[in-house]
Amino acid sequence: MTRRSGSKVVVEALTRAGVTTAWGYPGGAIMPLYDELLNSPVTHILTRHEQGAIHAADGYARASGRLGVAIATSGPGATNLTTGICTAMMDSVPLLCLTGQVASPLIGTDGFQEADTFNICTAITKQNYLVRSVDDLPRVLAEAIFIAQTGRPGPVLVDIPKDVLLGHTSEPLPDHVSVPGYEPSPRLDPAQVQKAHALLRASHRPVCIVGGGCRIGNAVDEFREWCRRTQVPVVSTLMALGSADPDYAGHLGMLGMHGLRQANRAVFEADLILGFGNRFDDRVTGATDRFASQAKVVHVDIDAAELGKIIRVDAPVHADLKAALTAWNQLLEQEPIEPKSEWQKQASSYGTGLVRRESSEPGKVPPTEVLDELFSIIGPSTIVATDVGQNQMWAAQRCRADHPRKWITSGGAGTMGYGLPSAMGAQAACPDTPVVAIVGDGGFQMTMAEMATVRRLNLPLKVLVMDNRYLGMVRQWQEMFFDRRYSAVDLSDNPDFAALARVYGFEAFTLTERAEIRGSLERWLSCAGPALLHAICQAEENVYPMVPAGASLAEMVEAPQ
Amino acid sequence: MKLLTFAIVLRTMAALPRVLMLIGRLGGEVTYVSAADGRANVVVKAPKRAAHRFAPQVRRIVDVIEMTELHVVAGRTRDQAEAERKRKLA
Ligand SMILES: Cc1ncc(C[n+]2csc(CCOP(=O)(O)OP(=O)(O)O)c2C)c(N)n1
Ligand SMILES: [Mg+2]
């Protein structure tokens, strides 16, 4: 093997892993890598903030199923990545984060732009490394790329001192990666599937909770086949929207805190819960002691630490979801069950609980009506990325995606500022698919500088700013649980986002009249390049139904009539 | 509180802080740790309601090669041992 620099090893590792796009922001410690990137086939996209880079890499990974790559310099560059690393960790997104570190002799001296990135990131990465010698770099990179994408995926960080990037090594990239003790694909135990099958056969009111593992594990086809064979009612976690076949009559929509009435009631009444690649998050279960209290529980997950973590499981299936459902579908072929069609009909008769508000303040539009219209225009094949807050929950309740890779949202972390950069990443990954970003006025202002990146790439991204002039979700909680004492949620002096977007080179429109909702949406969506629609929304709208924190799924607060 | 005893094989000693941090995060109090040459023995006082989460989450750490949960039969307390010593000396 010829000797080459550490920077060259990085490019070599990326290229061999099939990486074509990396997002990042340069600085002193990482400069040798940036120099090498000039000669490489990897397209580097300069964002306007490291947070933009990592959310873009995350959106790119979620939309495409490929590895996302984010690059930053040492110190503040690396710390600016942390929110995005945590976001990716919570939602199991395969990311490789490369950070520059001060030169080895300076480590531990409080050198300029030194931060202990390795220790800072220990709790928010699946695995991380500080590379002490250039000879270790090929192995570390191969391992990092392997670990990020296998088993339950997640962000892996490689912190590389400047002298390691500049140093030379003749160590080759290893052909095979073996990490002792790391078993990414558990062997399926057929007895576990048989036990789950027996519980399903005996149940009268089964409900399947499908989670993000369906997308992550590429199990969508197997899952849809399982649904066809069983006719079990399905509810989706926020992460799983798009997993059920859009034509599947048994799909009851999202469950949980802002879940649909039919989804939450079905779970509450179920005598069997089948969790597929989900993790029984507190936003999903409500009060765990009263969560599906009459039900037995089957839980399929690739991560053994999820089984029994939150709720007691009667039939754990420790396996990759795709493998488990393939086996289960074979079993259903041999031993079909009575389809659960009657119960499915009953469960969907409970209704969604979504209501249309008839009143309208002049000069403002009802936010839910804007989204109803938007989803009816874009149909199921558009990629929708959201920010966090009311805008996200309203969108989730209405999501019609025909595949979970077309629904991109920060679930576990609930990271404001995620919407625009993740949509940008998704659009870069899927240039021929329309992409819409739905963002609130608060979250948009956290990362809106990425409009400059979108413009430079000339991505045809469509951004909908739902401007209620409030940190709406927090305001809603203050209204409902703090006697309407509004504290630090007022954004009444927001800038004119359409004017701002024009300055960034977007086409932009403002929507203020209810009668113009459809026309404005169509005009905005038909723009060839990047375009923004600034919707001035009625301010004090709430997301309903809502299960208050600590209540059970049966204690939904419904929209006032 | 529940007493948990883990015998851990680590790929690198640098992973030990990760293990201890996780234990702390889960609400555990490390009452004893000895570690050398890629092996660590850890005794943790874990809150009862979260005790079941410790072993699988520690095992999930990539650099944990192997982890065995040892089920220790409750031994004598210090007071009991002291009382016994006095009895024997008497
Ligand atoms: C980075 C970050 N900071 C704070 C929060 C807490 N938070 C959740 S929703 C929300 C309000 C969001 O306001 P906006 O973006 O205007 O969306 P809206 O709820 O009004 O649709 C806040 C502050 C968060 N989720 N993320
Ligand atoms: Mg708002």
# chains A, B, ... in the order shown; residues from 1 in each chain; ligands from 1
$ closest_atom_pairs --of "chain A" --to "ligand 2" --cutoff "12 Å" --atoms "only C-alpha atoms and all ligand atoms" --output "Markdown table"
| residue | atom | partner | partner_atom_place_in_ligand_line | distance |
| --- | --- | --- | --- | --- |
| A:Pro367 | CA | ligand 2 | 1 (Mg) | 10.5 |
| A:Asp387 | CA | ligand 2 | 1 (Mg) | 10.4 |
| A:Val388 | CA | ligand 2 | 1 (Mg) | 9.5 |
| A:Gly389 | CA | ligand 2 | 1 (Mg) | 7.5 |
| A:Gln390 | CA | ligand 2 | 1 (Mg) | 7.4 |
| A:Asn391 | CA | ligand 2 | 1 (Mg) | 7.6 |
| A:Gln392 | CA | ligand 2 | 1 (Mg) | 10.6 |
| A:Met416 | CA | ligand 2 | 1 (Mg) | 10.9 |
| A:Ile438 | CA | ligand 2 | 1 (Mg) | 11.4 |
| A:Val439 | CA | ligand 2 | 1 (Mg) | 8.4 |
| A:Gly440 | CA | ligand 2 | 1 (Mg) | 4.6 |
| A:Asp441 | CA | ligand 2 | 1 (Mg) | 4.6 |
| A:Gly442 | CA | ligand 2 | 1 (Mg) | 5.3 |
| A:Gly443 | CA | ligand 2 | 1 (Mg) | 7.7 |
| A:Phe444 | CA | ligand 2 | 1 (Mg) | 9.1 |
| A:Gln445 | CA | ligand 2 | 1 (Mg) | 10.2 |
| A:Val465 | CA | ligand 2 | 1 (Mg) | 8.8 |
| A:Met466 | CA | ligand 2 | 1 (Mg) | 6.6 |
| A:Asp467 | CA | ligand 2 | 1 (Mg) | 5.4 |
| A:Asn468 | CA | ligand 2 | 1 (Mg) | 4.7 |
| A:Arg469 | CA | ligand 2 | 1 (Mg) | 5.4 |
| A:Tyr470 | CA | ligand 2 | 1 (Mg) | 4.2 |
| A:Leu471 | CA | ligand 2 | 1 (Mg) | 4.3 |
| A:Gly472 | CA | ligand 2 | 1 (Mg) | 4.5 |
| A:Met473 | CA | ligand 2 | 1 (Mg) | 7.4 |
| A:Val474 | CA | ligand 2 | 1 (Mg) | 9.1 |
| A:Arg475 | CA | ligand 2 | 1 (Mg) | 8.9 |
| A:Gln476 | CA | ligand 2 | 1 (Mg) | 10.5 |
| A:Val489 | CA | ligand 2 | 1 (Mg) | 8.6 |
| A:Asp490 | CA | ligand 2 | 1 (Mg) | 8.9 |
| A:Leu491 | CA | ligand 2 | 1 (Mg) | 7.7 |
| A:Ser492 | CA | ligand 2 | 1 (Mg) | 9.8 |
| A:Asn494 | CA | ligand 2 | 1 (Mg) | 10.1 |
| A:His534 | CA | ligand 2 | 1 (Mg) | 11.9 |
| A:Ala535 | CA | ligand 2 | 1 (Mg) | 10.8 |
| A:Ile536 | CA | ligand 2 | 1 (Mg) | 10.0 |
| A:Cys537 | CA | ligand 2 | 1 (Mg) | 8.8 |
| A:Gln538 | CA | ligand 2 | 1 (Mg) | 10.1 |
| A:Ala539 | CA | ligand 2 | 1 (Mg) | 8.1 |
| A:Glu540 | CA | ligand 2 | 1 (Mg) | 9.8 |
| A:Glu541 | CA | ligand 2 | 1 (Mg) | 10.3 |
| A:Asn542 | CA | ligand 2 | 1 (Mg) | 11.2 |
$ interface_residues --of "chain B" --to "chain A" --cutoff "9 Å" --atoms "only C-alpha atoms" --output "list in words"
Arg11, Arg18, Met21, Leu22, Ala50, His52, Arg53, Phe54, Ala55, Pro56, Gln57, Val58, Arg59, Arg60, Ile61, Val62, Asp63, Val64, Ile65 and Glu66 of chain B
$ write_last_selection --atoms "N, CA, C and O atoms" --output "CSV table (one decimal), in the first residue's frame"
chain,number,residue,atom,x,y,z
B,11,ARG,N,-13.5,-3.8,25.1
B,11,ARG,CA,-12.5,-3.8,24.0
B,11,ARG,C,-11.3,-2.9,24.3
B,11,ARG,O,-10.2,-3.1,23.9
B,18,ARG,N,-17.6,5.4,29.6
B,18,ARG,CA,-18.9,5.3,29.0
B,18,ARG,C,-19.9,4.4,29.8
B,18,ARG,O,-21.1,4.8,29.9
B,21,MET,N,-20.8,6.3,33.0
B,21,MET,CA,-21.7,7.4,32.7
B,21,MET,C,-23.1,6.9,32.5
B,21,MET,O,-24.1,7.5,33.0
B,22,LEU,N,-23.2,5.9,31.8
B,22,LEU,CA,-24.6,5.3,31.5
B,22,LEU,C,-25.2,4.9,32.8
B,22,LEU,O,-26.4,5.1,33.1
B,50,ALA,N,-36.0,0.8,37.8
B,50,ALA,CA,-35.2,0.9,36.5
B,50,ALA,C,-34.1,-0.2,36.4
B,50,ALA,O,-33.4,-0.3,35.4
B,52,HIS,N,-34.0,-3.2,35.6
B,52,HIS,CA,-34.0,-4.1,34.4
B,52,HIS,C,-33.4,-3.4,33.2
B,52,HIS,O,-33.1,-4.1,32.2
B,53,ARG,N,-33.2,-2.1,33.3
B,53,ARG,CA,-32.6,-1.5,32.1
B,53,ARG,C,-31.1,-1.5,32.1
B,53,ARG,O,-30.5,-1.2,31.0
B,54,PHE,N,-30.5,-1.7,33.2
B,54,PHE,CA,-29.0,-1.6,33.2
B,54,PHE,C,-28.3,-2.6,32.3
B,54,PHE,O,-27.5,-2.1,31.5
B,55,ALA,N,-28.5,-3.8,32.5
B,55,ALA,CA,-27.7,-4.8,31.8
B,55,ALA,C,-27.9,-4.7,30.3
B,55,ALA,O,-26.9,-4.6,29.6
B,56,PRO,N,-29.1,-4.6,29.7
B,56,PRO,CA,-29.2,-4.5,28.3
B,56,PRO,C,-28.6,-3.2,27.7
B,56,PRO,O,-28.0,-3.2,26.6
B,57,GLN,N,-28.7,-2.1,28.5
B,57,GLN,CA,-28.2,-0.9,27.9
B,57,GLN,C,-26.6,-0.9,28.0
B,57,GLN,O,-26.0,-0.3,27.1
B,58,VAL,N,-26.1,-1.4,29.0
B,58,VAL,CA,-24.6,-1.5,29.1
B,58,VAL,C,-24.1,-2.5,28.0
B,58,VAL,O,-23.1,-2.1,27.3
B,59,ARG,N,-24.8,-3.5,27.8
B,59,ARG,CA,-24.4,-4.5,26.8
B,59,ARG,C,-24.5,-3.9,25.4
B,59,ARG,O,-23.7,-4.3,24.5
B,60,ARG,N,-25.3,-2.9,25.2
B,60,ARG,CA,-25.5,-2.2,23.9
B,60,ARG,C,-24.3,-1.4,23.5
B,60,ARG,O,-24.0,-1.0,22.4
B,61,ILE,N,-23.5,-1.0,24.5
B,61,ILE,CA,-22.3,-0.1,24.2
B,61,ILE,C,-21.4,-0.9,23.3
B,61,ILE,O,-21.0,-2.1,23.6
B,62,VAL,N,-21.0,-0.3,22.2
B,62,VAL,CA,-20.2,-1.1,21.2
B,62,VAL,C,-19.0,-1.7,21.7
B,62,VAL,O,-18.6,-2.8,21.4
B,63,ASP,N,-18.2,-1.0,22.6
B,63,ASP,CA,-17.0,-1.5,23.1
B,63,ASP,C,-17.1,-2.5,24.3
B,63,ASP,O,-16.1,-2.9,24.9
B,64,VAL,N,-18.3,-2.8,24.6
B,64,VAL,CA,-18.5,-3.8,25.6
B,64,VAL,C,-18.6,-5.2,24.9
B,64,VAL,O,-19.5,-5.4,24.2
B,65,ILE,N,-17.6,-6.0,25.1
B,65,ILE,CA,-17.5,-7.2,24.3
B,65,ILE,C,-18.4,-8.2,25.0
B,65,ILE,O,-19.1,-9.0,24.3
B,66,GLU,N,-18.4,-8.2,26.3
B,66,GLU,CA,-19.2,-9.3,27.0
B,66,GLU,C,-19.6,-8.7,28.3
B,66,GLU,O,-18.8,-7.9,28.9
$ closest_residue --among "A:Ile337, A:Ala498, A:Met446, A:Ala437" --to "ligand 1" --atoms "only C-alpha atoms and all ligand atoms"
A:Met446
$ atom_distance --atom1 "CA of Arg283 (chain A)" --atom2 "CA of Ala554 (chain A)"
13.7 Å
$ select_by_dssp --residues "region 260-498 of chain A" --states "alpha helix (DSSP H)" --output "JSON, numbers by chain"
{"A": [261, 262, 263, 264, 265, 266, 267, 268, 269, 282, 283, 284, 285, 321, 322, 323, 324, 325, 326, 327, 328, 329, 330, 331, 332, 333, 334, 341, 342, 343, 344, 345, 346, 347, 348, 367, 368, 369, 370, 371, 372, 373, 374, 375, 376, 377, 378, 390, 391, 392, 393, 394, 395, 396, 397, 398, 419, 420, 421, 422, 423, 424, 425, 426, 427, 428, 429, 441, 442, 443, 444, 445, 446, 447, 451, 452, 453, 454, 455, 456, 457, 472, 473, 474, 475, 476, 477, 478, 479, 480, 481, 497, 498]}
$ residues_around --residues "region 244-251 of chain A" --least-positions-apart "5" --cutoff "7 Å" --atoms "only C-alpha atoms" --output "VMD selection string"
chain A and resid 224 231 to 235 344 400 402
$ closest_residue --among "A:Ser92, A:Thr87, A:Thr20, A:Thr99" --to "ligand 1" --atoms "only C-alpha atoms and all ligand atoms"
A:Thr87
$ atom_distance --atom1 "CA of Lys2 (chain B)" --atom2 "CA of Ala83 (chain B)"
25.0 Å
$ select_by_dssp --residues "region 389-437 of chain A" --states "strand (DSSP E)" --output "list in words"
Trp407, Ile408, Val435, Val436 and Ala437 of chain A
$ residues_around --residues "Leu106 (chain A)" --least-positions-apart "3" --cutoff "12 Å" --atoms "only C-alpha atoms" --output "PyMOL selection string"
chain A and resi 29+101-103+109-116+161-163
$ write_last_selection --atoms "C-alpha atoms" --output "PDB file, in the first residue's frame"
ATOM      1  CA  ALA A  29      -8.106  21.965  12.495  1.00  0.00           C
ATOM      2  CA  GLN A 101      -9.195  18.295  16.567  1.00  0.00           C
ATOM      3  CA  VAL A 102      -6.234  20.405  17.623  1.00  0.00           C
ATOM      4  CA  ALA A 103      -2.877  18.798  16.870  1.00  0.00           C
ATOM      5  CA  THR A 109      -3.431  22.238  26.889  1.00  0.00           C
ATOM      6  CA  ASP A 110      -6.595  24.306  26.345  1.00  0.00           C
ATOM      7  CA  GLY A 111      -5.247  24.992  22.904  1.00  0.00           C
ATOM      8  CA  PHE A 112      -6.984  27.363  20.540  1.00  0.00           C
ATOM      9  CA  GLN A 113     -10.348  25.856  19.537  1.00  0.00           C
ATOM     10  CA  GLU A 114      -9.760  22.811  21.631  1.00  0.00           C
ATOM     11  CA  ALA A 115     -12.816  21.051  22.970  1.00  0.00           C
ATOM     12  CA  ASP A 116     -13.043  17.545  24.374  1.00  0.00           C
ATOM     13  CA  PRO A 161      -6.296  15.769  15.245  1.00  0.00           C
ATOM     14  CA  LYS A 162      -4.759  17.997  12.605  1.00  0.00           C
ATOM     15  CA  ASP A 163      -1.416  16.197  12.663  1.00  0.00           C
TER      16      ASP A 163
END
$ residues_around --residues "Tyr34 (chain A)" --least-positions-apart "4" --cutoff "10 Å" --atoms "only C-alpha atoms" --output "list in words"
Ser7, Gly24, Tyr25, Pro26, Gly27, Gly28, Ala29, Ile30, Leu38, Asn39, Ser40, His44 and Ile71 of chain A
$ write_last_selection --atoms "C-alpha atoms" --output "tab-separated table (two decimals), in the first residue's frame"
chain	number	residue	atom	x	y	z
A	7	SER	CA	-6.86	13.35	4.74
A	24	GLY	CA	-19.97	20.76	6.45
A	25	TYR	CA	-18.18	23.90	7.52
A	26	PRO	CA	-14.40	24.37	7.52
A	27	GLY	CA	-11.99	25.75	10.09
A	28	GLY	CA	-8.38	25.54	11.24
A	29	ALA	CA	-8.11	21.96	12.50
A	30	ILE	CA	-10.00	20.39	9.62
A	38	LEU	CA	-10.94	19.55	-3.65
A	39	ASN	CA	-9.46	16.54	-5.46
A	40	SER	CA	-12.12	14.10	-4.45
A	44	HIS	CA	-19.00	18.90	-0.32
A	71	ILE	CA	-17.87	17.63	8.72
